[in-house]
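Trainee: I'd like to ask some things about the structure below.
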Number of protein chains: 6
Amino acid sequence: MEDYVPSLLTATPLEGRELAIKLARKTIAVIQPDAEVRAKLRGDYDHDTAKLMQAAHIVAVEFQTIAAANNYWRDR
Amino acid sequence: MEDYVPSLLTATPLEGRELAIKLARKTIAVIQPDAEVRAKLRGDYDHDTAKLMQAAHIVAVEFQTIAAANNYWRDR
Amino acid sequence: MEDYVPSLLTATPLEGRELAIKLARKTIAVIQPDAEVRAKLRGDYDHDTAKLMQAAHIVAVEFQTIAAANNYWRDR
Amino acid sequence: MEDYVPSLLTATPLEGRELAIKLARKTIAVIQPDAEVRAKLRGDYDHDTAKLMQAAHIVAVEFQTIAAANNYWRDR
Amino acid sequence: MEDYVPSLLTATPLEGRELAIKLARKTIAVIQPDAEVRAKLRGDYDHDTAKLMQAAHIVAVEFQTIAAANNYWRDR
Amino acid sequence: MEDYVPSLLTATPLEGRELAIKLARKTIAVIQPDAEVRAKLRGDYDHDTAKLMQAAHIVAVEFQTIAAANNYWRDR
């Protein structure tokens with residue numbers, strides 16, 4: 001398996017956001033490994049407000065972990 | 001990409017709330033980059049109690065992170 | 001904008017609960033600034049068990065932040 | 001208003017669970033102060049698995065706060 | 001009332017998982033004390049993916065608390 | 001019972017993600033021990049965006065616990 005998360009440490013908060021989005025996407029890919037199915041499902045959620053917010057909620061939770069790991073980038 | 005979150009540190013709790021709302025919105029914008037689609041979706045959720053509360057829940061989670069980053073603004 | 005949260009510190013846990021409810025309500029008001037629309041939506045959720053619990057869940061999350069900020073009011 | 005939460009400290013984990021349930025209920029009562037309406041809503045959720053689990057989820061979140069406040073009752 | 005949680009401390013992470021499941025179940029039992037009703041509801045959720053995941057989510061939240069209480073069993 | 005979680009410590013963040021997915025799955029298996037039923041339910045959720053995201057949310061919560069246990073793998 002590709003190591004999609006060698007570290008939780010990022011240089012900036014913005015990179016931390018990007019990692020949070022990546023983690024959320026990779027979980028979906030692990031659970032549903034068929035890329036074709038995922039492509040179909042994508043059209044299902046990115047026009048659906050409730051599902052977009054469900055995705056944003058997951059990102060918020062993943063970001064909590066990443067932000068703590070980076071000590072909130074306080075020392076930048 | 002615009003750096004919409006150069007830092008998690010804010011001067012006041014109120015600015016922390018505003019950043020939490022911004023983070024939630026930006027996640028949606030990253031997942032659904034088409035501004036026209038987002039504008040349509042907006043009309044879909046800001047008159048829908050369950051979706052407004054879904055948004056408020058995400059803001060609460062993002063705010064947890066921001067408040068911790070700011071040591072809860074205890075030293076103001 | 002009115003500063004509805006000058007501080008996360010409160011004298012008592014009960015005031016912390018009240019602040020948690022206030023924060024949740026203010027997020028809704030920021031996302032949906034039309035007071036008339038919000039008044040209509042109110043009738044929609046305060047007779048709906050699932051939505052009342054959705055609101056109570058948000059309050060529980062906001063309270064986590066406030067309780068941590070106040071060091072759980074351990075020193076009272 | 002009755003002070004339903006003078007402290008987050010409890011003697012035992014079990015009392016902490018009871019406080020978590022109480023906090024969740026009191027939030028509902030604050031949002032929907034009409035006891036008659038709440039009594040009707042009760043019949044609506046205690047036979048509904050999804051709503052019972054929604055309630056249990058809120059209790060779990062409130063308990064996280066209470067358990068942290070009590071330093072997890074490690075020193076008992 | 002039976003003391004179903006005399007302590008949050010467990011010997012192993014696996015016992016911590018079991019305690020998390022127990023806590024989730026006991027909350028349901030406190031809210032809906034009629035065992036016959038709960039038995040009927042059980043058939044309603046253990047064949048329903050969304051409800052099973054709702055249960056697994058609660059367990060994950062309870063486990064966060066238990067794992068923190070046990071200092072993540074780091075010293076075993 | 002098989003000890004599916006002898007420790008929360010993992011060598012890498014990626015192994016932490018895998019453990020988070022495993023924990024979520026094992027909870028489902030404990031609640032619904034019939035493997036045949038679970039196999040049927042699987043077809044129900046891995047083509048359903050909302051359910052896939054529900055699963056990803058649980059994984060995010062379990063990962064918070066595992067990441068904290070591993071001190072965010074800061075010292076690797």
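Ordering of the structure tokens sets the chain letters (A, B, ...), residue numbers begin anew at 1 in every chain, and ligands are numbered from 1 in the order given.
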Taking the chain letters and numbering used in this document, name the residues of chain F that DSSP puts in helix (DSSP H, G or I), as JSON, numbers by chain.
Mentor: {"F": [13, 14, 15, 16, 17, 18, 19, 20, 21, 22, 23, 24, 25, 26, 27, 28, 29, 30, 31, 35, 36, 37, 38, 39, 40, 41, 42, 43, 44, 45, 49, 50, 51, 52, 53, 54, 55, 56, 57, 58, 59, 60, 61, 62, 63, 64, 65, 66, 67, 68, 69, 71, 72, 73]}
Trainee: Within 9 Å of D:Val59, counting only C-alpha atoms, which residues qualify if same-chain residues fewer than 3 places away don't, as a PyMOL selection string?
Mentor: (chain C and resi 57+60) or (chain D and resi 17+20-24+54-56+62-64) or (chain E and resi 24+27)
Trainee: Counting only C-alpha atoms, what is within 12 Å of stretch 44-49 of chain C, bar same-chain residues fewer than 6 positions away, as a ChimeraX atom specification?
Mentor: /B:47-53 /C:37-38,55-56 /D:25,27-46,48,50-52,54-55
Trainee: Just how far from atom CA of E:Ile66 is atom CA of F:Ile66, in Å to one decimal?
Mentor: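 Atom-to-atom, atom CA of F:Ile66 to atom CA of E:Ile66, that is 12.3 Å.
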Trainee: Compile the contact shell of C:Tyr72 as a list in words: residues with an atom at most 12 Å away, counting only C-alpha atoms, same-chain residues fewer than 5 positions apart removed.
Mentor: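 Using only C-alpha atoms, the neighbours found are Leu8, Leu9, Thr10, Ala11, Thr12, Pro13, Leu14, Gly16, Arg17, Phe63, Gln64, Thr65, Ile66 and Ala67 of chain C; Val5, Pro6, Ser7, Leu8, Leu9, Gln64, Thr65, Ile66, Ala67, Ala68, Ala69, Asn70 and Asn71 of chain D.
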Trainee: Between atom CA of B:Glu2 and atom CA of B:Val61, what is the distance, to one decimal in Å?
Mentor: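 According to the coordinates, atom CA of B:Glu2 and atom CA of B:Val61 are separated by 22.9 Å.
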